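S.K.: If it helps, the file is called coords26.txt and holds compact mmCIF, C-alpha atoms and all ligand atoms:
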# COMPACT_ATOMS: atom_id res chain seq x y z
CA MET Q 1 19.57 -13.98 -14.53
CA ALA Q 2 18.79 -11.58 -17.34
CA GLU Q 3 21.20 -8.67 -17.81
CA GLN Q 4 19.16 -5.49 -17.43
CA GLU Q 5 19.85 -2.22 -19.15
CA LEU Q 6 21.36 0.76 -17.28
CA LYS Q 7 18.50 3.19 -16.57
CA ASP Q 8 18.58 6.76 -15.37
CA ILE Q 9 16.13 6.22 -12.53
CA SER Q 10 15.05 3.01 -10.79
CA ILE Q 11 12.01 3.44 -8.58
CA ILE Q 12 11.47 1.07 -5.68
CA GLY Q 13 7.71 0.90 -5.19
CA GLY Q 14 4.82 1.14 -7.62
CA GLY Q 15 2.38 2.90 -5.30
CA PRO Q 16 0.99 6.33 -6.22
CA THR Q 17 4.31 8.01 -5.45
CA GLY Q 18 6.36 5.59 -7.55
CA LEU Q 19 3.87 5.87 -10.40
CA PHE Q 20 4.04 9.65 -10.42
CA ALA Q 21 7.84 9.46 -10.29
CA ALA Q 22 7.81 7.23 -13.39
CA PHE Q 23 5.59 9.74 -15.18
CA TYR Q 24 7.82 12.67 -14.29
CA ALA Q 25 10.94 10.74 -15.29
CA GLY Q 26 9.44 10.12 -18.73
CA MET Q 27 8.35 13.73 -19.08
CA ARG Q 28 11.92 14.78 -18.36
CA GLY Q 29 13.27 12.33 -20.95
CA ALA Q 30 14.86 10.05 -18.33
CA SER Q 31 14.65 6.29 -18.68
CA ALA Q 32 12.97 4.63 -15.72
CA ARG Q 33 11.78 1.37 -14.22
CA ILE Q 34 9.52 0.48 -11.32
CA ILE Q 35 10.21 -2.53 -9.13
CA ASP Q 36 7.51 -3.68 -6.71
CA ALA Q 37 7.14 -6.64 -4.39
CA LEU Q 38 3.39 -6.81 -4.99
CA PRO Q 39 1.91 -8.51 -8.05
CA ALA Q 40 0.10 -5.31 -9.11
CA LEU Q 41 0.83 -1.61 -9.28
CA GLY Q 42 -0.91 0.74 -6.86
CA GLY Q 43 0.73 0.15 -3.47
CA GLN Q 44 -1.61 0.57 -0.51
CA LEU Q 45 -4.48 1.66 -2.76
CA MET Q 46 -4.69 -1.70 -4.51
CA ALA Q 47 -3.48 -3.88 -1.66
CA LEU Q 48 -5.58 -2.39 1.11
CA TYR Q 49 -8.50 -0.33 -0.16
CA PRO Q 50 -9.19 -0.68 -3.90
CA GLU Q 51 -12.94 -0.21 -3.44
CA LYS Q 52 -12.77 2.87 -1.22
CA TYR Q 53 -13.40 6.38 -2.46
CA ILE Q 54 -10.68 8.99 -2.04
CA PHE Q 55 -11.78 12.61 -1.73
CA ASP Q 56 -8.55 14.56 -1.38
CA VAL Q 57 -6.73 14.05 -4.66
CA ALA Q 58 -6.50 17.25 -6.69
CA GLY Q 59 -8.88 17.28 -9.64
CA PHE Q 60 -11.13 14.48 -8.40
CA PRO Q 61 -14.15 15.35 -6.24
CA LYS Q 62 -14.13 11.65 -5.46
CA VAL Q 63 -12.36 8.71 -7.03
CA LEU Q 64 -12.27 4.99 -6.32
CA ALA Q 65 -8.77 3.93 -5.27
CA LYS Q 66 -8.57 1.32 -8.03
CA ASP Q 67 -9.68 3.85 -10.67
CA LEU Q 68 -7.07 6.34 -9.52
CA VAL Q 69 -4.40 3.64 -9.81
CA ARG Q 70 -5.59 2.69 -13.30
CA ASP Q 71 -5.28 6.30 -14.49
CA MET Q 72 -2.01 6.94 -12.64
CA ALA Q 73 -0.56 3.82 -14.28
CA THR Q 74 -1.69 4.98 -17.74
CA GLN Q 75 -0.07 8.35 -17.11
CA ALA Q 76 3.06 6.78 -15.58
CA LEU Q 77 3.81 4.22 -18.25
CA GLN Q 78 3.12 6.35 -21.37
CA PHE Q 79 6.85 7.01 -21.90
CA GLY Q 80 7.90 3.38 -21.69
CA ALA Q 81 9.01 2.89 -18.08
CA SER Q 82 9.38 -0.83 -17.47
CA THR Q 83 7.67 -2.56 -14.55
CA HIS Q 84 9.04 -5.50 -12.59
CA LEU Q 85 6.32 -6.80 -10.31
CA GLY Q 86 6.46 -9.51 -7.68
CA GLU Q 87 10.13 -8.74 -6.99
CA ILE Q 88 11.42 -7.58 -3.61
CA VAL Q 89 14.47 -5.36 -3.74
CA THR Q 90 16.90 -6.95 -1.33
CA GLY Q 91 20.31 -5.53 -2.15
CA LEU Q 92 22.09 -2.45 -3.39
CA ARG Q 93 25.67 -2.10 -4.52
CA ARG Q 94 27.74 0.53 -6.22
CA VAL Q 95 29.87 -0.43 -9.21
CA GLU Q 96 32.57 1.48 -11.03
CA ASP Q 97 32.05 1.84 -14.77
CA GLY Q 98 34.75 4.34 -15.70
CA ASN Q 99 32.03 6.97 -15.93
CA GLY Q 100 31.48 7.95 -12.33
CA GLY Q 101 29.92 4.64 -11.34
CA HIS Q 102 26.33 3.57 -10.92
CA PHE Q 103 24.09 1.62 -8.57
CA VAL Q 104 22.85 -1.93 -8.99
CA LEU Q 105 19.60 -2.93 -7.31
CA GLU Q 106 19.31 -6.62 -6.54
CA THR Q 107 16.08 -8.59 -6.46
CA SER Q 108 15.35 -12.30 -6.41
CA ASP Q 109 14.90 -12.13 -10.19
CA GLY Q 110 17.79 -10.01 -11.34
CA ASP Q 111 20.21 -7.11 -11.09
CA TYR Q 112 19.04 -3.68 -12.14
CA PRO Q 113 21.74 -1.10 -12.96
CA SER Q 114 20.75 2.49 -12.44
CA ARG Q 115 22.30 5.97 -12.37
CA THR Q 116 19.99 7.11 -9.57
CA ILE Q 117 17.40 5.54 -7.31
CA ILE Q 118 14.12 6.80 -5.94
CA ILE Q 119 12.83 4.88 -2.94
CA ALA Q 120 9.04 5.14 -2.95
CA ALA Q 121 8.60 2.06 -0.79
CA GLY Q 122 5.74 3.44 1.32
CA ILE Q 123 5.52 1.58 4.56
CA GLY Q 124 7.90 -1.05 3.26
CA ALA Q 125 7.01 -4.39 1.83
CA PHE Q 126 3.93 -4.91 3.96
CA GLU Q 127 2.26 -7.91 5.43
CA ALA Q 128 -1.12 -8.07 7.14
CA ARG Q 129 -1.13 -8.78 10.87
CA LYS Q 130 -2.22 -12.37 11.46
CA LEU Q 131 -4.69 -13.65 14.03
CA GLY Q 132 -1.89 -15.44 15.81
CA ILE Q 133 -3.78 -18.70 16.17
CA GLU Q 134 -2.52 -22.16 15.43
CA GLY Q 135 -2.82 -23.42 11.86
CA GLU Q 136 -4.19 -20.19 10.37
CA ASP Q 137 -1.77 -20.36 7.41
CA ARG Q 138 -3.64 -23.47 6.26
CA TYR Q 139 -6.80 -21.46 5.67
CA GLU Q 140 -5.30 -18.41 3.96
CA GLU Q 141 -7.37 -17.61 0.85
CA LYS Q 142 -9.53 -20.63 1.81
CA GLY Q 143 -12.05 -18.75 3.88
CA LEU Q 144 -9.44 -16.60 5.67
CA PHE Q 145 -8.75 -13.31 3.89
CA PHE Q 146 -6.49 -10.51 5.08
CA LYS Q 147 -7.81 -8.03 2.53
CA VAL Q 148 -10.92 -7.46 0.46
CA LEU Q 149 -10.06 -6.93 -3.17
CA ASP Q 150 -13.45 -7.66 -4.67
CA PRO Q 151 -16.45 -7.49 -2.32
CA LYS Q 152 -18.50 -9.66 -4.72
CA GLN Q 153 -16.28 -12.54 -3.65
CA PHE Q 154 -18.31 -12.57 -0.40
CA GLU Q 155 -21.71 -12.64 -2.07
CA GLY Q 156 -24.18 -14.73 -0.04
CA GLN Q 157 -21.54 -15.60 2.59
CA ARG Q 158 -21.58 -15.48 6.37
CA VAL Q 159 -18.73 -13.11 7.09
CA LEU Q 160 -16.82 -12.54 10.32
CA LEU Q 161 -14.87 -9.27 10.39
CA VAL Q 162 -12.18 -8.92 13.06
CA GLY Q 163 -10.78 -5.54 14.09
CA GLY Q 164 -11.69 -2.13 15.43
CA GLY Q 165 -10.23 0.21 12.82
CA ASP Q 166 -11.43 1.88 9.64
CA SER Q 167 -11.05 -1.16 7.42
CA ALA Q 168 -13.17 -3.46 9.60
CA PHE Q 169 -15.90 -0.81 10.03
CA ASP Q 170 -15.86 0.22 6.37
CA TRP Q 171 -16.38 -3.37 5.28
CA ALA Q 172 -19.16 -3.87 7.83
CA VAL Q 173 -20.94 -1.11 5.88
CA ASN Q 174 -19.75 -1.92 2.36
CA LEU Q 175 -20.57 -5.64 2.50
CA GLN Q 176 -24.21 -4.85 3.33
CA GLY Q 177 -26.46 -6.28 0.65
CA ILE Q 178 -23.64 -8.53 -0.57
CA ALA Q 179 -22.81 -10.83 2.36
CA LYS Q 180 -25.59 -13.03 3.77
CA SER Q 181 -24.67 -12.04 7.33
CA ILE Q 182 -21.99 -9.88 8.93
CA MET Q 183 -20.53 -10.08 12.40
CA LEU Q 184 -17.80 -7.70 13.57
CA ILE Q 185 -15.78 -8.60 16.65
CA HIS Q 186 -13.12 -6.54 18.39
CA ARG Q 187 -10.95 -7.47 21.35
CA ARG Q 188 -11.45 -4.17 23.16
CA GLU Q 189 -14.23 -1.71 23.79
CA GLY Q 190 -12.70 1.31 22.03
CA PHE Q 191 -12.68 1.55 18.24
CA ARG Q 192 -10.16 3.40 16.05
CA ALA Q 193 -12.52 3.88 13.09
CA HIS Q 194 -14.07 7.20 12.04
CA GLU Q 195 -16.90 8.26 14.38
CA ALA Q 196 -19.38 8.48 11.49
CA THR Q 197 -18.71 4.90 10.40
CA ILE Q 198 -18.89 3.63 13.97
CA SER Q 199 -22.32 5.27 14.32
CA GLN Q 200 -23.39 3.73 11.01
CA VAL Q 201 -22.35 0.25 12.17
CA ARG Q 202 -24.03 0.73 15.55
CA GLU Q 203 -27.23 1.62 13.67
CA LEU Q 204 -26.85 -1.50 11.47
CA HIS Q 205 -26.39 -3.51 14.67
CA ARG Q 206 -29.56 -1.98 16.13
CA CYS Q 207 -31.50 -2.96 12.97
CA GLY Q 208 -30.11 -6.51 13.05
CA GLN Q 209 -28.00 -6.07 9.91
CA CYS Q 210 -24.60 -6.43 11.54
CA GLU Q 211 -23.76 -8.11 14.80
CA LEU Q 212 -21.22 -6.06 16.74
CA ARG Q 213 -19.40 -7.57 19.70
CA THR Q 214 -16.60 -6.19 21.85
CA PHE Q 215 -14.14 -8.21 23.95
CA TRP Q 216 -14.45 -11.12 21.52
CA GLU Q 217 -11.54 -12.74 19.69
CA VAL Q 218 -11.01 -15.66 17.33
CA LYS Q 219 -9.83 -18.79 19.09
CA ALA Q 220 -9.85 -21.43 16.32
CA LEU Q 221 -10.78 -22.03 12.71
CA HIS Q 222 -12.35 -25.31 11.67
CA GLY Q 223 -13.18 -26.89 8.34
CA ASN Q 224 -12.11 -29.44 5.84
CA GLY Q 225 -9.76 -27.64 3.45
CA LYS Q 226 -11.57 -24.32 3.98
CA VAL Q 227 -13.13 -22.37 6.82
CA GLU Q 228 -16.54 -23.76 7.78
CA ARG Q 229 -16.79 -22.86 11.46
CA VAL Q 230 -15.05 -20.46 13.80
CA THR Q 231 -14.69 -20.60 17.57
CA ILE Q 232 -14.69 -17.18 19.17
CA PHE Q 233 -14.19 -16.35 22.84
CA ASN Q 234 -14.96 -13.48 25.15
CA ASN Q 235 -11.67 -12.40 26.70
CA LYS Q 236 -13.47 -11.09 29.83
CA THR Q 237 -15.98 -13.83 30.61
CA LYS Q 238 -14.04 -16.65 28.84
CA GLU Q 239 -17.35 -17.69 27.22
CA GLU Q 240 -16.86 -19.53 23.90
CA GLU Q 241 -19.07 -19.93 20.84
CA THR Q 242 -18.63 -21.87 17.64
CA LEU Q 243 -20.32 -20.27 14.63
CA GLU Q 244 -20.98 -21.36 11.06
CA ILE Q 245 -18.89 -18.92 9.04
CA ASP Q 246 -17.82 -18.90 5.37
CA ALA Q 247 -15.28 -16.09 5.46
CA VAL Q 248 -13.13 -14.66 8.24
CA ILE Q 249 -11.61 -11.28 7.43
CA PRO Q 250 -9.10 -10.07 10.04
CA LEU Q 251 -8.36 -6.38 9.44
CA LEU Q 252 -5.83 -5.82 12.18
CA GLY Q 253 -3.44 -3.49 10.38
CA PHE Q 254 -0.13 -4.58 9.00
CA HIS Q 255 3.53 -4.92 9.80
CA SER Q 256 5.71 -2.82 7.61
CA ASP Q 257 9.18 -3.97 6.95
CA LEU Q 258 11.82 -1.80 5.38
CA GLY Q 259 13.84 -5.00 5.21
CA ALA Q 260 17.01 -4.76 3.22
CA ILE Q 261 16.63 -1.01 2.65
CA GLN Q 262 17.54 -0.52 6.31
CA GLN Q 263 20.98 -1.97 5.67
CA TRP Q 264 21.97 0.56 3.01
CA GLY Q 265 23.48 3.15 5.33
CA LEU Q 266 20.61 5.61 4.87
CA ASP Q 267 19.72 7.97 7.71
CA THR Q 268 16.41 6.83 9.11
CA GLU Q 269 13.97 7.96 11.74
CA LYS Q 270 11.92 5.08 13.14
CA ALA Q 271 10.97 3.21 9.95
CA ASP Q 272 11.22 6.26 7.68
CA ILE Q 273 14.05 7.60 5.55
CA LYS Q 274 15.25 11.10 6.28
CA VAL Q 275 15.37 13.41 3.26
CA ASP Q 276 16.36 17.02 2.66
CA GLN Q 277 14.40 19.69 0.73
CA VAL Q 278 15.21 18.07 -2.62
CA MET Q 279 14.18 14.62 -1.40
CA SER Q 280 17.78 13.44 -1.33
CA THR Q 281 18.83 10.90 1.27
CA ASN Q 282 22.27 11.12 2.84
CA VAL Q 283 23.61 8.96 -0.03
CA ARG Q 284 24.24 10.96 -3.21
CA GLY Q 285 22.08 9.64 -6.04
CA ILE Q 286 19.51 8.00 -3.78
CA TYR Q 287 16.28 9.93 -3.30
CA ALA Q 288 13.13 9.01 -1.39
CA ALA Q 289 9.54 10.17 -1.74
CA GLY Q 290 6.09 9.36 -0.38
CA ASP Q 291 5.09 7.65 2.84
CA ILE Q 292 8.59 6.36 3.46
CA THR Q 293 10.10 9.82 3.97
CA SER Q 294 10.63 11.79 7.11
CA TYR Q 295 11.19 15.54 7.34
CA PRO Q 296 9.73 18.27 9.54
CA GLY Q 297 6.08 18.74 8.62
CA LYS Q 298 5.78 15.49 6.64
CA LEU Q 299 2.21 14.42 5.79
CA LYS Q 300 1.65 10.86 4.60
CA LEU Q 301 -0.81 11.48 1.80
CA ILE Q 302 -1.15 10.75 -1.91
CA ALA Q 303 -0.99 14.48 -2.70
CA THR Q 304 2.27 15.05 -0.84
CA GLY Q 305 3.81 11.87 -2.27
CA ALA Q 306 3.13 13.13 -5.79
CA ALA Q 307 4.79 16.48 -5.07
CA GLU Q 308 7.79 14.76 -3.51
CA ALA Q 309 8.11 12.42 -6.50
CA CYS Q 310 8.17 15.47 -8.77
CA ILE Q 311 10.91 17.12 -6.69
CA ALA Q 312 12.96 13.92 -6.43
CA VAL Q 313 12.83 13.20 -10.18
CA ASN Q 314 13.72 16.73 -11.24
CA ASN Q 315 16.71 16.74 -8.94
CA ALA Q 316 17.80 13.27 -10.06
CA VAL Q 317 17.61 14.41 -13.68
CA HIS Q 318 19.79 17.42 -12.85
CA LEU Q 319 22.26 15.23 -10.95
CA ILE Q 320 22.61 12.88 -13.93
CA ASN Q 321 22.96 15.78 -16.36
CA PRO Q 322 23.88 19.10 -14.71
CA LYS Q 323 22.88 20.90 -17.93
CA ALA Q 324 19.29 19.77 -17.43
CA LYS Q 325 17.50 22.34 -15.29
CA VAL Q 326 15.90 21.26 -12.04
CA ASN Q 327 12.78 23.23 -12.94
CA PRO Q 328 10.85 21.15 -15.49
CA GLY Q 329 8.84 24.04 -16.94
CA HIS Q 330 5.12 23.72 -17.60
CA SER Q 331 3.70 20.57 -19.15
CA SER Q 332 1.08 22.73 -20.88
CA ASN Q 333 3.87 24.16 -23.05
CA MET Q 334 5.78 20.98 -23.77
CA ALA Q 335 6.50 19.55 -27.18
CA ILE Q 336 6.50 16.02 -25.68
CA PHE Q 337 2.73 16.47 -25.27
CA GLY Q 338 2.36 18.10 -28.69
CA GLN Q 339 2.10 21.59 -27.18
CA LYS Q 340 3.82 24.81 -28.25
CA ASP Q 341 5.85 27.08 -25.99
CA ASP Q 342 4.09 30.43 -25.60
C1 LIG Q 401 -7.28 2.46 4.35
C2 LIG Q 401 -6.47 3.63 3.85
C3 LIG Q 401 -7.12 4.73 3.32
C4 LIG Q 401 -6.36 5.83 2.86
N1 LIG Q 401 -7.03 6.91 2.36
C5 LIG Q 401 -6.31 7.96 1.88
C6 LIG Q 401 -6.96 9.12 1.38
O1 LIG Q 401 -8.20 9.22 1.37
N2 LIG Q 401 -6.18 10.14 0.90
C7 LIG Q 401 -4.82 10.09 0.92
O2 LIG Q 401 -4.16 11.03 0.46
N3 LIG Q 401 -4.18 9.00 1.43
C8 LIG Q 401 -4.89 7.95 1.91
N4 LIG Q 401 -4.23 6.87 2.43
C9 LIG Q 401 -2.76 6.90 2.48
C10 LIG Q 401 -2.19 6.61 1.10
O3 LIG Q 401 -2.66 5.36 0.62
C11 LIG Q 401 -0.67 6.62 1.19
O4 LIG Q 401 -0.25 7.90 1.58
C12 LIG Q 401 -0.07 6.27 -0.18
O5 LIG Q 401 -0.43 4.97 -0.57
C13 LIG Q 401 1.46 6.38 -0.12
O6 LIG Q 401 1.94 6.06 -1.38
P1 LIG Q 401 3.42 5.50 -1.62
O7 LIG Q 401 3.53 5.24 -3.08
O8 LIG Q 401 4.37 6.44 -0.97
O9 LIG Q 401 3.49 4.14 -0.80
P2 LIG Q 401 2.66 2.78 -0.95
O10 LIG Q 401 1.29 3.04 -1.46
O11 LIG Q 401 2.79 2.11 0.37
O12 LIG Q 401 3.45 1.96 -2.05
C14 LIG Q 401 4.74 1.48 -1.77
C15 LIG Q 401 5.05 0.29 -2.64
O13 LIG Q 401 6.43 -0.09 -2.43
C16 LIG Q 401 6.53 -1.50 -2.48
N5 LIG Q 401 7.75 -1.91 -1.76
C17 LIG Q 401 8.09 -1.64 -0.48
N6 LIG Q 401 9.29 -2.18 -0.18
C18 LIG Q 401 9.72 -2.81 -1.30
C19 LIG Q 401 10.87 -3.58 -1.63
N7 LIG Q 401 11.88 -3.77 -0.77
N8 LIG Q 401 10.96 -4.10 -2.89
C20 LIG Q 401 9.97 -3.91 -3.80
N9 LIG Q 401 8.85 -3.19 -3.52
C21 LIG Q 401 8.72 -2.66 -2.30
C22 LIG Q 401 5.27 -1.97 -1.78
O14 LIG Q 401 4.95 -3.30 -2.20
C23 LIG Q 401 4.22 -0.94 -2.28
O15 LIG Q 401 3.54 -1.38 -3.43
C24 LIG Q 401 -4.95 5.79 2.92
C25 LIG Q 401 -4.31 4.66 3.44
C26 LIG Q 401 -5.04 3.59 3.91
C27 LIG Q 401 -4.33 2.40 4.47
Spit out the file's structure as structure tokens when you get a sec.
Ligand SMILES: Cc1cc2nc3c(=O)[nH]c(=O)nc-3n(C[C@H](O)[C@H](O)[C@H](O)COP(=O)(O)OP(=O)(O)OC[C@H]3O[C@@H](n4cnc5c(N)ncnc54)[C@H](O)[C@@H]3O)c2cc1C

M.R.:
Amino acid sequence: MAEQELKDISIIGGGPTGLFAAFYAGMRGASARIIDALPALGGQLMALYPEKYIFDVAGFPKVLAKDLVRDMATQALQFGASTHLGEIVTGLRRVEDGNGGHFVLETSDGDYPSRTIIIAAGIGAFEARKLGIEGEDRYEEKGLFFKVLDPKQFEGQRVLLVGGGDSAFDWAVNLQGIAKSIMLIHRREGFRAHEATISQVRELHRCGQCELRTFWEVKALHGNGKVERVTIFNNKTKEEETLEIDAVIPLLGFHSDLGAIQQWGLDTEKADIKVDQVMSTNVRGIYAAGDITSYPGKLKLIATGAAEACIAVNNAVHLINPKAKVNPGHSSNMAIFGQKDD
């Protein structure tokens, strides 16, 4: 395993919060790295809704999730933070170095020494909820998709969406004009999606552009090497139907798993890490920011995650070097951006 250099701040999670933390670390002159289990930066935005517009990020009347990630990554990595993608952080230890000690984060690919840590792990390393039917693993990415990264992938296909939340309803709308046919099934009558989108899908159903069925579930997938047909059943009447389908997209939410992080002696509340006003956990030198944090009044949003990242980094910088002020000053006056103090 490669010996990694000792950094000031190691950030677990390359979602929007982790990215903004990397930017702030660089602006404060601290060395930083991001480690993420996913193969790409962007957290939930890239994994779950890259093609959706976001309307509540300061400065953007509307922005596609994937475009926001692209620009956040450009901003984040401008000072040379390293990224280590496709690596799950599994362990943490403290080592003595004759200089007050430091942490070492352990992943499958290496050991990462660090003076401080910022946990921006969102909802944990997440995994989509499966259909729970026999043999489904065989069809994953072969006609069975747990997320839509590029809608064009479904061009001309007969698509079966499964679920009653925002993602299923959004894709029933957004795959219009791309997919050849769309059916949305949900196991219950009530939906959890936004009212406006539900109305839109009901209207599409009325016009014959999206079949919408409640109390239906997937019973079996069939096909030689890829999904070709799907058997669905009505959980009230027990009626069954086998349909010709090219792509099944279950959008049933996801399990989040804090995994190893839960074993680090951090105070938690449900699956979240408790932090104080400076985003410090109960372990000195370990901060948390973003969706993973819990404190009175917490809002799980991109905007709040960015503010928390800023607070966490500035306090980590001060902890590493007490002469460095917590308050970063104004970027508009900073020499690092070629600006003059006024
Ligand atoms: C469909 C949908 C729409 C949304 N729309 C909006 C919106 O309009 N506006 C808004 O403000 N918010 C929205 N959100 C919420 C927003 O996406 C989250 O608040 C935001 O992603 C939180 O960012 P984060 O960086 O804290 O966590 P995440 O985005 O969850 O990123 C955390 C990262 O940590 C990584 N990770 C976790 N555990 C480990 C580990 N052990 N080792 C390595 N890596 C690990 C994960 O792989 C992940 O990449 C939406 C969410 C969803 C699901």

S.K.: Would you list the residues that come within 7 Å of ligand LIG 401 (chain Q)? Count only C-alpha atoms and all ligand atoms and give the answer as a count of residues only.

M.R.: 48

S.K.: To one decimal place, how far is CA of His102 in chain Q from CA of Ala316 in chain Q in Å?

M.R.: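 Taking CA of His102 in chain Q as the start and CA of Ala316 in chain Q as the end point, the length is 12.9 Å.
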
S.K.: Can you tell me which residues surround Leu184 in chain Q at a distance of at most 12 Å, considering all atoms listed in the file, apart from same-chain residues fewer than 3 positions away, and format the answer as a VMD selection string?

M.R.: chain Q and resid 158 to 165 167 to 173 175 181 187 191 198 201 to 202 204 to 205 209 to 218 232 247 to 251

S.K.: Using only C-alpha atoms, find the one residue out of Q:Lys270, Q:Lys180, Q:Lys219, Q:Lys66 that sits nearest to Glu134 in chain Q.

M.R.: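 That would be Q:Lys219, the residue with the smallest distance to Glu134 in chain Q.
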
S.K.: Which is closest to Ala335 in chain Q among Q:Met27, Q:Leu252, Q:Ile117, Q:Val275, if we use all atoms listed in the file?

M.R.: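 Under the stated criterion, the closest residue is Q:Met27.
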
S.K.: Quick one: residues within 6 Å of Val230 in chain Q, only C-alpha atoms counted, chain neighbours fewer than 5 positions away excluded, as a list in words?

M.R.: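 Returned residues: Ala220, Leu221, His222, Thr242 and Leu243 of chain Q.
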
S.K.: Do you know which residues lie at most 9 Å from (-4.9, 4.2, -11.0), with coordinates as in the file and only C-alpha atoms counted, and could you write them as a list in words?

M.R.: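 Counting only C-alpha atoms, I find these residues within 9 Å of (-4.9, 4.2, -11.0): Pro16, Leu19, Leu41, Gly42, Leu45, Met46, Leu64, Ala65, Lys66, Asp67, Leu68, Val69, Arg70, Asp71, Met72, Ala73, Thr74 and Gln75 of chain Q.
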
S.K.: Once you have the residues from the selection above, write them out as a PDB file, keeping the file's coordinate frame, restricted to C-alpha atoms.

M.R.:
ATOM      1  CA  PRO Q  16       0.990   6.330  -6.220  1.00  0.00           C
ATOM      2  CA  LEU Q  19       3.870   5.870 -10.400  1.00  0.00           C
ATOM      3  CA  LEU Q  41       0.830  -1.610  -9.280  1.00  0.00           C
ATOM      4  CA  GLY Q  42      -0.910   0.740  -6.860  1.00  0.00           C
ATOM      5  CA  LEU Q  45      -4.480   1.660  -2.760  1.00  0.00           C
ATOM      6  CA  MET Q  46      -4.690  -1.700  -4.510  1.00  0.00           C
ATOM      7  CA  LEU Q  64     -12.270   4.990  -6.320  1.00  0.00           C
ATOM      8  CA  ALA Q  65      -8.770   3.930  -5.270  1.00  0.00           C
ATOM      9  CA  LYS Q  66      -8.570   1.320  -8.030  1.00  0.00           C
ATOM     10  CA  ASP Q  67      -9.680   3.850 -10.670  1.00  0.00           C
ATOM     11  CA  LEU Q  68      -7.070   6.340  -9.520  1.00  0.00           C
ATOM     12  CA  VAL Q  69      -4.400   3.640  -9.810  1.00  0.00           C
ATOM     13  CA  ARG Q  70      -5.590   2.690 -13.300  1.00  0.00           C
ATOM     14  CA  ASP Q  71      -5.280   6.300 -14.490  1.00  0.00           C
ATOM     15  CA  MET Q  72      -2.010   6.940 -12.640  1.00  0.00           C
ATOM     16  CA  ALA Q  73      -0.560   3.820 -14.280  1.00  0.00           C
ATOM     17  CA  THR Q  74      -1.690   4.980 -17.740  1.00  0.00           C
ATOM     18  CA  GLN Q  75      -0.070   8.350 -17.110  1.00  0.00           C
TER      19      GLN Q  75
END

S.K.: In Å, rounded to a single decimal, give me how far CA of Ile118 in chain Q is from CA of Ser332 in chain Q.

M.R.: 25.4 Å

S.K.: How many Å separate CA of Val104 in chain Q from CA of Gly91 in chain Q?

M.R.: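 Going from CA of Val104 in chain Q over to CA of Gly91 in chain Q covers 8.1 Å.
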
S.K.: For each of Q:Glu136, Q:Gln4, Q:Ala309, Q:Lys142, take the minimum atom-to-atom distance to Thr107 in chain Q, counting all atoms listed in the file, then give the residue where this is smallest.

M.R.: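 Nearest candidate to Thr107 in chain Q out of Q:Glu136, Q:Gln4, Q:Ala309, Q:Lys142: Q:Gln4.
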
S.K.: Tell me which of Q:Phe79, Q:Phe60, Q:Tyr295, Q:Tyr24 sits closest to Ile11 in chain Q, counting all atoms listed in the file.

M.R.: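 Result for the nearest residue to Ile11 in chain Q: Q:Tyr24.
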
S.K.: Which residues are near Ile286 in chain Q? Cut-off 12 Å, all atoms listed in the file, ignore same chain within fewer than 6 positions. Put them as a short mmCIF file (atom, residue, chain, number, x, y, z; two decimals) with C-alpha atoms, in the coordinates of the input.

M.R.:
data_model
loop_
_atom_site.label_atom_id
_atom_site.label_comp_id
_atom_site.auth_asym_id
_atom_site.auth_seq_id
_atom_site.Cartn_x
_atom_site.Cartn_y
_atom_site.Cartn_z
CA ASP Q 8 18.58 6.76 -15.37
CA ILE Q 9 16.13 6.22 -12.53
CA SER Q 10 15.05 3.01 -10.79
CA ILE Q 11 12.01 3.44 -8.58
CA ILE Q 12 11.47 1.07 -5.68
CA LEU Q 92 22.09 -2.45 -3.39
CA ARG Q 93 25.67 -2.10 -4.52
CA ARG Q 94 27.74 0.53 -6.22
CA HIS Q 102 26.33 3.57 -10.92
CA PHE Q 103 24.09 1.62 -8.57
CA VAL Q 104 22.85 -1.93 -8.99
CA LEU Q 105 19.60 -2.93 -7.31
CA SER Q 114 20.75 2.49 -12.44
CA ARG Q 115 22.30 5.97 -12.37
CA THR Q 116 19.99 7.11 -9.57
CA ILE Q 117 17.40 5.54 -7.31
CA ILE Q 118 14.12 6.80 -5.94
CA ILE Q 119 12.83 4.88 -2.94
CA ALA Q 120 9.04 5.14 -2.95
CA ILE Q 261 16.63 -1.01 2.65
CA TRP Q 264 21.97 0.56 3.01
CA GLY Q 265 23.48 3.15 5.33
CA LEU Q 266 20.61 5.61 4.87
CA ASP Q 267 19.72 7.97 7.71
CA ILE Q 273 14.05 7.60 5.55
CA LYS Q 274 15.25 11.10 6.28
CA VAL Q 275 15.37 13.41 3.26
CA ASP Q 276 16.36 17.02 2.66
CA VAL Q 278 15.21 18.07 -2.62
CA MET Q 279 14.18 14.62 -1.40
CA SER Q 280 17.78 13.44 -1.33
CA ALA Q 312 12.96 13.92 -6.43
CA VAL Q 313 12.83 13.20 -10.18
CA ASN Q 315 16.71 16.74 -8.94
CA ALA Q 316 17.80 13.27 -10.06
CA VAL Q 317 17.61 14.41 -13.68
CA LEU Q 319 22.26 15.23 -10.95
CA ILE Q 320 22.61 12.88 -13.93
#

S.K.: Using only C-alpha atoms, find the one residue out of Q:His255, Q:Asp109, Q:Lys226, Q:Ile336 that sits nearest to Arg138 in chain Q.

M.R.: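 Result for the nearest residue to Arg138 in chain Q: Q:Lys226.
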
S.K.: Considering all atoms listed in the file, state which residue in the set Q:Thr281, Q:Gln157, Q:Gln176, Q:Gln78 is at the smallest distance from Asp246 in chain Q.

M.R.: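 Of the candidates, the smallest distance to Asp246 in chain Q is held by Q:Gln157.
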